[in-house]
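Next comes target10.txt, a file with compact mmCIF, C-alpha atoms.
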# COMPACT_ATOMS: atom_id res chain seq x y z
CA MET A 175 0.00 0.00 0.00
CA VAL A 176 2.71 2.49 1.02
CA LEU A 177 5.01 1.64 -1.91
CA GLY A 178 2.12 1.87 -4.35
CA LEU A 179 1.20 5.29 -2.97
CA LEU A 180 4.79 6.51 -3.29
CA ASN A 181 4.84 5.35 -6.91
CA ILE A 182 1.64 7.33 -7.52
CA VAL A 183 2.86 10.64 -6.08
CA TYR A 184 6.28 10.32 -7.72
CA PHE A 185 4.87 9.72 -11.18
CA VAL A 186 2.38 12.57 -10.82
CA MET A 187 5.41 14.83 -10.40
CA TYR A 188 7.43 12.99 -13.06
CA ALA A 189 4.58 13.23 -15.60
CA ILE A 190 4.86 17.00 -15.87
CA LEU A 191 8.59 17.56 -15.48
CA TYR A 192 10.25 14.95 -17.66
CA PRO A 193 7.99 14.79 -20.78
CA TYR A 194 7.65 18.57 -20.86
CA LEU A 195 11.26 19.41 -19.96
CA PRO A 196 12.42 19.91 -23.59
CA ILE A 197 9.41 22.23 -24.11
CA LEU A 198 10.29 24.12 -20.92
CA ILE A 199 13.89 24.57 -22.06
CA ARG A 200 12.83 25.58 -25.57
CA GLY A 201 10.43 28.07 -23.99
CA LEU A 202 13.39 29.78 -22.36
CA GLY A 203 14.59 30.73 -25.85
CA TYR A 204 17.25 28.06 -26.47
CA THR A 205 17.97 26.49 -29.89
CA PRO A 206 17.49 22.74 -30.57
CA VAL A 207 21.24 22.21 -30.15
CA ALA A 208 21.15 23.96 -26.78
CA VAL A 209 18.08 21.92 -25.80
CA GLY A 210 20.00 18.75 -26.67
CA LEU A 211 23.01 19.88 -24.63
CA LEU A 212 20.91 20.80 -21.60
CA MET A 213 18.90 17.58 -21.85
CA GLY A 214 22.20 15.71 -22.08
CA LEU A 215 23.41 17.58 -19.02
CA PHE A 216 20.18 16.61 -17.25
CA ASP A 217 20.81 12.91 -17.85
CA GLY A 218 24.51 13.26 -17.22
CA ALA A 219 23.87 14.79 -13.81
CA GLY A 220 21.51 11.92 -13.18
CA ILE A 221 24.54 9.61 -13.13
CA ALA A 222 26.68 10.90 -10.25
CA GLY A 223 23.93 12.21 -7.99
CA PRO A 224 21.93 8.99 -7.60
CA LEU A 225 25.14 6.99 -7.15
CA ILE A 226 26.02 9.19 -4.17
CA ILE A 227 22.52 9.21 -2.70
CA GLY A 228 22.10 5.48 -3.28
CA SER A 229 25.40 4.79 -1.53
CA LEU A 230 24.34 6.98 1.38
CA ALA A 231 21.03 5.12 1.67
CA ASP A 232 22.90 1.81 1.88
CA LYS A 233 25.40 3.27 4.36
CA TRP A 234 22.72 4.82 6.57
CA GLY A 235 20.50 1.77 6.32
CA MET A 236 17.52 4.04 5.76
CA TYR A 237 15.58 5.40 2.78
CA LYS A 238 13.20 8.07 4.05
CA ARG A 239 15.79 10.81 4.41
CA PRO A 240 17.27 10.26 0.91
CA LEU A 241 13.75 10.15 -0.58
CA VAL A 242 12.85 13.49 1.01
CA ILE A 243 16.16 15.03 -0.11
CA SER A 244 15.49 13.83 -3.66
CA VAL A 245 12.11 15.59 -3.82
CA LEU A 246 13.51 18.83 -2.38
CA LEU A 247 16.32 18.86 -4.94
CA THR A 248 13.74 18.37 -7.69
CA VAL A 249 11.31 21.10 -6.64
CA LEU A 250 13.33 23.96 -5.20
CA PRO A 251 15.30 24.94 -8.37
CA VAL A 252 12.32 24.83 -10.77
CA MET A 253 11.11 28.43 -10.52
CA PRO A 254 14.65 29.89 -10.45
CA LEU A 255 15.26 27.91 -13.67
CA VAL A 256 12.16 29.45 -15.25
CA LEU A 257 12.76 33.03 -14.10
CA ILE A 258 16.54 33.41 -14.51
CA ARG A 259 17.27 33.01 -18.21
CA ASN A 260 21.02 32.58 -18.36
CA PRO A 261 22.74 29.54 -19.94
CA LEU A 262 25.12 28.94 -17.02
CA VAL A 263 22.39 29.41 -14.42
CA SER A 264 20.05 27.15 -16.39
CA ALA A 265 22.73 24.46 -16.51
CA VAL A 266 23.28 24.59 -12.74
CA PHE A 267 19.57 24.37 -11.92
CA ILE A 268 19.03 21.54 -14.41
CA ILE A 269 21.85 19.59 -12.77
CA ILE A 270 20.24 19.97 -9.33
CA ILE A 271 16.79 19.00 -10.64
CA ALA A 272 18.26 15.96 -12.38
CA ILE A 273 20.00 14.75 -9.22
CA GLY A 274 16.72 14.91 -7.34
CA LEU A 275 14.39 13.45 -9.96
CA ARG A 276 16.82 10.69 -10.94
CA SER A 277 17.47 9.63 -7.34
CA TYR A 278 13.93 9.01 -6.12
CA GLN A 279 13.06 6.19 -8.53
CA PRO A 280 16.12 3.95 -7.96
CA LEU A 281 15.63 4.30 -4.21
CA LEU A 282 11.96 3.38 -4.51
CA ASP A 283 12.76 0.46 -6.83
CA ALA A 284 15.42 -0.76 -4.39
CA ILE A 285 12.92 -0.72 -1.52
CA THR A 286 10.36 -2.54 -3.67
CA THR A 287 12.73 -5.30 -4.80
CA ILE A 288 13.87 -5.87 -1.22
CA TYR A 289 10.24 -5.97 -0.07
CA VAL A 290 9.05 -8.47 -2.70
CA GLY A 291 12.25 -10.55 -2.84
CA PRO A 292 14.05 -11.93 -5.94
CA GLY A 293 10.98 -13.81 -7.21
CA GLY A 294 8.39 -11.29 -6.09
CA ASN A 295 5.96 -9.39 -8.27
CA TYR A 296 7.61 -6.00 -8.67
CA GLY A 297 5.21 -5.06 -11.46
CA ARG A 298 2.15 -5.40 -9.21
CA ILE A 299 3.44 -2.49 -7.11
CA ARG A 300 4.99 -0.48 -9.93
CA VAL A 301 1.76 -0.51 -11.99
CA SER A 302 0.23 2.08 -9.66
CA GLY A 303 2.85 4.54 -10.90
CA SER A 304 2.02 3.80 -14.54
CA ILE A 305 -1.68 4.37 -13.94
CA ALA A 306 -0.96 7.63 -12.10
CA TYR A 307 1.31 8.73 -14.95
CA VAL A 308 -1.44 8.13 -17.52
CA LEU A 309 -4.07 10.01 -15.53
CA ALA A 310 -1.69 12.88 -14.80
CA MET A 311 -0.69 13.22 -18.47
CA LEU A 312 -4.35 13.28 -19.54
CA PHE A 313 -5.07 15.90 -16.88
CA TYR A 314 -2.20 18.09 -18.07
CA GLN A 315 -3.50 17.70 -21.64
CA VAL A 316 -6.98 19.07 -20.86
CA THR A 317 -6.51 21.28 -17.79
CA PRO A 318 -7.93 24.82 -18.22
CA PHE A 319 -5.57 26.12 -15.54
CA PHE A 320 -1.87 26.80 -16.20
CA TYR A 321 -1.91 24.77 -19.44
CA PRO A 322 1.66 23.38 -19.81
CA ASP A 323 2.58 25.22 -23.00
CA SER A 324 5.00 27.64 -21.37
CA ALA A 325 8.00 27.35 -19.07
CA PHE A 326 6.19 29.15 -16.24
CA ASN A 327 3.11 26.92 -16.35
CA ILE A 328 5.22 23.75 -16.48
CA GLY A 329 7.10 25.05 -13.46
CA VAL A 330 3.87 25.68 -11.54
CA TRP A 331 2.62 22.11 -12.06
CA THR A 332 6.05 20.70 -11.17
CA ILE A 333 5.97 22.51 -7.83
CA ILE A 334 2.41 21.33 -7.14
CA GLY A 335 3.35 17.73 -7.91
CA GLY A 336 6.54 18.03 -5.87
CA VAL A 337 4.77 19.36 -2.80
CA ILE A 338 2.30 16.46 -2.95
CA CYS A 339 5.14 13.94 -3.36
CA LEU A 340 7.11 15.48 -0.49
CA GLY A 341 4.13 15.56 1.88
CA VAL A 342 3.09 11.97 1.21
CA THR A 343 6.65 10.63 1.44
CA ALA A 344 7.26 12.37 4.76
CA ALA A 345 3.90 11.29 6.16
CA VAL A 346 3.54 7.63 5.22
CA PHE A 347 7.00 6.11 4.75
CA ASN A 348 8.62 4.40 7.72
CA ASP A 349 12.02 2.73 7.34
CA ALA A 350 11.22 0.20 10.05
CA ASP A 351 8.46 -1.30 7.90
CA PHE A 352 10.96 -2.31 5.20
CA ARG A 353 13.97 -3.56 7.14
CA ASP A 354 15.05 -7.21 7.06
CA ARG A 355 12.70 -8.04 4.21
CA GLY A 356 15.45 -8.89 1.71
CA ASP A 357 17.19 -11.95 3.14
CA PRO A 358 17.84 -14.16 0.10
CA GLU A 359 17.47 -17.26 2.26
CA GLN A 360 13.89 -16.24 2.99
CA SER A 361 13.04 -14.62 -0.33
CA ALA A 362 14.29 -17.63 -2.26
CA GLY A 363 11.36 -19.56 -0.88
CA LYS A 364 9.17 -17.74 -3.38
CA LEU A 365 11.09 -19.31 -6.30
CA SER A 366 11.38 -22.75 -7.77
CA PRO A 367 14.36 -24.78 -6.39
CA ALA A 368 16.54 -23.97 -9.41
CA LYS A 369 15.82 -20.24 -9.27
CA ALA A 370 16.15 -20.23 -5.49
CA ALA A 371 19.66 -21.65 -5.82
CA ALA A 372 20.50 -19.00 -8.41
CA ALA A 373 19.20 -16.23 -6.17
CA LYS A 374 21.17 -17.49 -3.16
CA GLY A 375 24.31 -17.95 -5.23
CA ALA A 376 24.10 -14.43 -6.66
CA ALA A 377 23.75 -12.89 -3.22
CA ARG A 378 26.60 -14.94 -1.73
CA SER A 379 29.10 -14.49 -4.56
CA PHE A 380 28.53 -10.82 -5.29
CA GLY A 381 31.07 -9.59 -2.75
CA LYS A 382 32.72 -6.25 -3.41
CA ARG A 383 32.96 -6.63 -7.17
CA TRP A 384 30.27 -6.66 -9.82
CA SER A 385 29.91 -10.11 -11.40
CA GLN A 386 30.76 -10.56 -15.08
CA VAL A 387 27.19 -11.28 -16.09
CA PHE A 388 26.05 -8.14 -14.26
CA VAL A 389 28.59 -5.95 -16.07
CA LEU A 390 27.67 -7.38 -19.48
CA GLY A 391 24.00 -6.96 -18.70
CA ILE A 392 24.47 -3.30 -17.74
CA ILE A 393 26.39 -2.68 -20.98
CA MET A 394 23.57 -4.28 -22.94
CA ILE A 395 21.04 -2.10 -21.12
CA ALA A 396 23.15 1.00 -21.79
CA LEU A 397 23.35 0.32 -25.53
CA SER A 398 19.58 -0.04 -25.71
CA ARG A 399 18.89 3.08 -23.65
CA PHE A 400 21.14 5.09 -25.97
CA ASN A 401 18.80 4.16 -28.83
CA TYR A 402 15.80 5.22 -26.72
CA ALA A 403 17.04 8.83 -26.37
CA PRO A 404 14.91 10.33 -29.19
CA VAL A 405 11.80 9.54 -27.14
CA ASN A 406 12.92 12.32 -24.81
CA PHE A 407 12.48 14.78 -27.70
CA LEU A 408 9.12 13.43 -28.81
CA GLY A 409 7.15 16.22 -27.16
CA LEU A 410 9.22 18.78 -29.05
CA TYR A 411 8.86 16.79 -32.29
CA VAL A 412 5.08 16.65 -31.97
CA THR A 413 4.61 20.33 -31.09
CA GLU A 414 7.17 21.88 -33.46
CA ALA A 415 7.67 19.51 -36.39
CA LEU A 416 4.14 18.11 -36.62
CA GLN A 417 2.34 21.15 -35.17
CA TRP A 418 0.19 18.73 -33.17
CA ASN A 419 -0.87 19.76 -29.67
CA ALA A 420 -0.98 16.25 -28.24
CA VAL A 421 1.96 15.78 -25.86
CA GLY A 422 -0.24 14.51 -23.05
CA ILE A 423 -2.12 12.16 -25.37
CA ILE A 424 0.90 10.48 -26.92
CA PHE A 425 2.72 9.97 -23.62
CA SER A 426 -0.38 8.69 -21.86
CA LEU A 427 -1.01 6.32 -24.78
CA ALA A 428 2.48 4.90 -24.36
CA ALA A 429 2.04 4.50 -20.61
CA ILE A 430 -1.31 2.73 -21.07
CA THR A 431 0.41 0.00 -23.08
CA GLU A 432 2.78 -0.77 -20.21
CA ILE A 433 0.05 -1.28 -17.60
CA PRO A 434 -0.86 -4.89 -18.60
CA ILE A 435 2.85 -5.69 -18.74
CA MET A 436 3.23 -4.72 -15.09
CA PHE A 437 0.82 -7.52 -14.19
CA LEU A 438 2.35 -10.05 -16.60
CA ALA A 439 6.03 -9.17 -16.12
CA ARG A 440 6.79 -11.72 -13.41
CA ARG A 441 5.42 -14.60 -15.50
CA LEU A 442 7.31 -13.43 -18.57
CA ILE A 443 10.56 -13.12 -16.63
CA LEU A 444 10.23 -16.56 -15.05
CA ARG A 445 9.31 -18.05 -18.42
CA PHE A 446 11.93 -16.44 -20.69
CA GLY A 447 14.58 -14.91 -18.41
CA SER A 448 15.56 -11.27 -17.97
CA LEU A 449 18.32 -10.98 -20.59
CA PRO A 450 16.25 -12.43 -23.48
CA LEU A 451 13.47 -9.99 -22.57
CA LEU A 452 15.99 -7.13 -22.52
CA ALA A 453 16.98 -8.13 -26.05
CA PHE A 454 13.33 -8.17 -27.11
CA GLY A 455 12.85 -4.69 -25.64
CA ALA A 456 15.93 -3.45 -27.51
CA LEU A 457 14.56 -4.85 -30.78
CA CYS A 458 11.22 -3.12 -30.26
CA THR A 459 13.01 0.16 -29.49
CA GLY A 460 14.70 -0.01 -32.88
CA ILE A 461 11.40 -0.74 -34.63
CA ARG A 462 9.79 2.13 -32.74
CA MET A 463 12.40 4.62 -34.00
CA LEU A 464 11.99 3.39 -37.58
CA LEU A 465 8.22 3.79 -37.39
CA TYR A 466 8.70 7.45 -36.46
CA ALA A 467 11.01 7.83 -39.48
CA VAL A 468 9.05 5.89 -42.12
CA PHE A 469 5.68 7.41 -41.15
CA PRO A 470 6.48 11.09 -40.34
CA GLY A 471 3.12 12.13 -38.96
CA PRO A 472 0.62 11.45 -36.19
CA GLY A 473 0.08 7.90 -37.44
CA GLY A 474 3.76 7.05 -37.11
CA VAL A 475 3.92 8.57 -33.64
CA VAL A 476 0.90 6.59 -32.47
CA ALA A 477 2.25 3.34 -33.96
CA GLY A 478 5.62 3.90 -32.32
CA GLN A 479 4.06 4.70 -28.95
CA LEU A 480 2.17 1.41 -29.01
CA LEU A 481 5.54 -0.37 -28.83
CA HIS A 482 6.21 1.27 -25.49
CA PHE A 483 4.89 -1.89 -23.83
CA ALA A 484 8.10 -3.65 -24.86
CA SER A 485 10.69 -0.91 -25.32
CA TYR A 486 10.01 0.32 -21.78
CA GLY A 487 7.43 -1.87 -20.01
CA ILE A 488 9.04 -5.26 -20.56
CA PHE A 489 12.53 -3.79 -20.68
CA HIS A 490 12.36 -1.98 -17.35
CA ASN A 491 10.78 -4.90 -15.49
CA ALA A 492 13.39 -7.28 -16.90
CA ALA A 493 16.19 -4.88 -15.92
CA VAL A 494 14.87 -4.58 -12.36
CA ALA A 495 14.62 -8.38 -12.08
CA PHE A 496 18.14 -8.72 -13.46
CA VAL A 497 19.51 -6.34 -10.82
CA SER A 498 17.41 -7.91 -8.06
CA VAL A 499 18.90 -11.36 -8.61
CA ASN A 500 22.48 -10.28 -9.30
CA VAL A 501 22.84 -7.76 -6.45
CA PRO A 502 22.34 -8.71 -2.76
CA PRO A 503 19.84 -6.75 -0.65
CA ASP A 504 22.43 -4.78 1.33
CA LYS A 505 23.76 -3.33 -1.96
CA ARG A 506 20.40 -3.08 -3.71
CA ALA A 507 20.08 0.72 -3.67
CA LEU A 508 23.53 1.01 -5.24
CA GLY A 509 22.72 -1.76 -7.73
CA MET A 510 19.50 -0.06 -8.84
CA THR A 511 21.35 3.23 -9.08
CA VAL A 512 24.02 1.63 -11.31
CA TYR A 513 21.22 0.44 -13.59
CA LEU A 514 19.42 3.80 -13.71
CA SER A 515 22.60 5.91 -13.80
CA LEU A 516 25.27 4.04 -15.77
CA GLY A 517 22.82 1.78 -17.59
CA THR A 518 20.30 4.52 -18.39
CA GLY A 519 21.56 7.99 -17.44
CA LEU A 520 24.99 7.88 -19.12
CA PRO A 521 23.84 6.53 -22.50
CA THR A 522 20.85 8.88 -22.47
CA PHE A 523 23.21 11.77 -21.70
CA ILE A 524 25.28 10.92 -24.76
CA GLY A 525 22.20 10.16 -26.85
CA ASN A 526 20.53 13.47 -25.99
CA ILE A 527 23.57 15.56 -26.88
CA LEU A 528 24.00 13.80 -30.22
CA ALA A 529 20.26 14.05 -30.90
CA GLY A 530 20.30 17.83 -30.55
CA PHE A 531 23.05 18.16 -33.16
CA ILE A 532 21.41 15.66 -35.50
CA ILE A 533 18.05 17.48 -35.31
CA GLU A 534 19.76 20.79 -36.09
CA GLU A 535 21.96 19.49 -38.92
CA ALA A 536 20.11 16.54 -40.46
CA GLY A 537 16.48 16.74 -39.34
CA TRP A 538 14.08 14.55 -37.39
CA LYS A 539 13.82 11.72 -39.94
CA ASN A 540 17.55 11.05 -39.99
CA LEU A 541 17.59 11.19 -36.19
CA PHE A 542 15.08 8.35 -35.96
CA ILE A 543 16.78 6.31 -38.70
CA LEU A 544 20.23 6.52 -37.09
CA TYR A 545 19.01 5.60 -33.63
CA GLY A 546 16.79 2.85 -34.97
CA ALA A 547 19.65 1.27 -36.92
CA SER A 548 21.99 1.36 -33.91
CA SER A 549 19.58 -0.91 -32.01
CA VAL A 550 21.45 -3.81 -33.59
CA LEU A 551 24.31 -3.25 -31.08
CA PRO A 552 22.57 -4.55 -27.92
CA LEU A 553 21.22 -7.47 -29.95
CA MET A 554 24.74 -8.37 -31.06
CA LEU A 555 25.91 -8.26 -27.44
CA PHE A 556 23.07 -10.55 -26.40
CA VAL A 557 24.11 -13.07 -29.05
CA PHE A 558 27.68 -12.87 -27.78
CA ILE A 559 26.59 -13.47 -24.19
CA SER A 560 24.36 -16.36 -25.25
CA ARG A 561 27.24 -18.07 -27.06
CA SER A 562 29.81 -17.48 -24.32
CA ALA A 563 30.18 -19.12 -20.92
CA PHE A 564 26.75 -17.75 -19.97
CA LYS A 565 24.54 -20.27 -21.75
CA PRO A 566 20.88 -19.44 -22.37
CA SER A 567 19.87 -21.89 -19.65
CA ASN A 568 22.02 -20.02 -17.16
CA LEU A 569 20.64 -16.68 -18.31
CA LYS A 570 17.14 -17.99 -17.77
CA SER A 571 17.99 -19.25 -14.30
CA ARG A 572 19.09 -15.72 -13.44
CA LEU A 573 15.56 -14.48 -14.10
Conversion result in structure tokens:
Amino acid sequence: MVLGLLNIVYFVMYAILYPYLPILIRGLGYTPVAVGLLMGLFDGAGIAGPLIIGSLADKWGMYKRPLVISVLLTVLPVMPLVLIRNPLVSAVFIIIIAIGLRSYQPLLDAITTIYVGPGGNYGRIRVSGSIAYVLAMLFYQVTPFFYPDSAFNIGVWTIIGGVICLGVTAAVFNDADFRDRGDPEQSAGKLSPAKAAAAKGAARSFGKRWSQVFVLGIIMIALSRFNYAPVNFLGLYVTEALQWNAVGIIFSLAAITEIPIMFLARRLILRFGSLPLLAFGALCTGIRMLLYAVFPGPGGVVAGQLLHFASYGIFHNAAVAFVSVNVPPDKRALGMTVYLSLGTGLPTFIGNILAGFIIEEAGWKNLFILYGASSVLPLMLFVFISRSAFKPSNLKSRL
């Protein structure tokens, strides 16, 4: 109940800030190249900050304080960002916002995976966030008050969402309710004997170094998330290139497709394994980019958004399961932060910067073609892993 509620309030805040952030930055008078650089800076800052906060959460043995700090860092710089229109100042405030926004989710995912255990149903809790995201996006699409078409209005809704998230987090979360829930000896009882042995072995052998399969998996995730970067510019593409006032609609449509996956994810992971599902998500990301390119209009956007169920829904659940099994509970916050920072933040940082230059120099169509074609890289790595010492049967046993 508490974790589901925290997912709801976080994604209400996330639904206005992240999808509309390129529009906010553009509204400050910056060029597409500058938007790409600042968006890249946003994701780049999301690498170091969460690593530090995640490490502190593990060191302190508590999550409430880091969660509250994350929300404060997200909300407090928003209006200064909107009102002070200076490139250097904008960069500083975007870095602070990124540290906050990017830290809350890995902490919440770490708590959830510890709570449900290696074989638990993460998606059943996470789905509340997806539903909240859809409803929030639809609300922002039709609201007659402070319609999010300007930097100031986007800032107002971000502060409202942040205050709600801060109040609920401070009021309902209690660290004592989530301690000692992640013992692999106990959690393994939720798995079949083979998967229980894999879960125990992962926790015991992890030690101070990342395992080889974990490192390769994070690299595979990073390659796929690089290809996903153009989605971050989709709101700008729809409003400027297509002249279609439908940012809320297209992002809510995408989120709707992931809701059934949240219920089915555990079965899919136990049936196929996390790494094969990561490969499937990477493939669908490539197809999604090519749909945007081949059908440059509302139809192509809608078709591409329908693949969100795999390119994000299946992919994210498989990535969380992969981390959950390969990282022991006492390092889980750091493990989730590695996934969301090095596996997602760093490649998105690079992808956003390159995307801004490509949009400016070559146009939207070439952007989608290039990123769609590069989706072959994570698929090649998956084939390599499958044919190496990590046989498909072993990959499957690791969820």
Report task. Write out as a PyMOL selection string each polymer residue whose atoms come within 12 Å of Asn526 in chain A, counting only C-alpha atoms; drop sequence neighbours fewer than 6 positions from it. Result -> chain A and resi 196+206-218+399-408+518-520+532-533+541+545
Could you tell me which of A:Tyr184, A:Tyr513, A:Tyr411, A:Tyr296 comes closest to Pro470 in chain A if we count only C-alpha atoms?
->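 Once distances to Pro470 in chain A are computed over only C-alpha atoms, the minimum belongs to A:Tyr411.
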note - CA of Phe454 in chain A and CA of Ala467 in chain A are separated by 20.4 Å
List as an NGL selection string the residues having at least one atom at most 12 Å from position (12.6, 5.7, -1.9) as given in the file, counting all atoms listed in the file. :A and (176-181 or 183-184 or 224 or 227-228 or 231-232 or 236-245 or 274-288 or 339-340 or 342-344 or 346-349 or 352 or 506-507 or 510-511)
Smallest atom-to-atom distance to Phe267 in chain A: which of A:Ile199, A:Met311, A:Ala529, A:Leu438, using only C-alpha atoms?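 Smallest distance to Phe267 in chain A is found for A:Ile199.
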query: What is the distance between CA of Pro503 in chain A and CA of Arg300 in chain A, in Å to one decimal?
result: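 We find that CA of Pro503 in chain A and CA of Arg300 in chain A lie 18.6 Å from each other.
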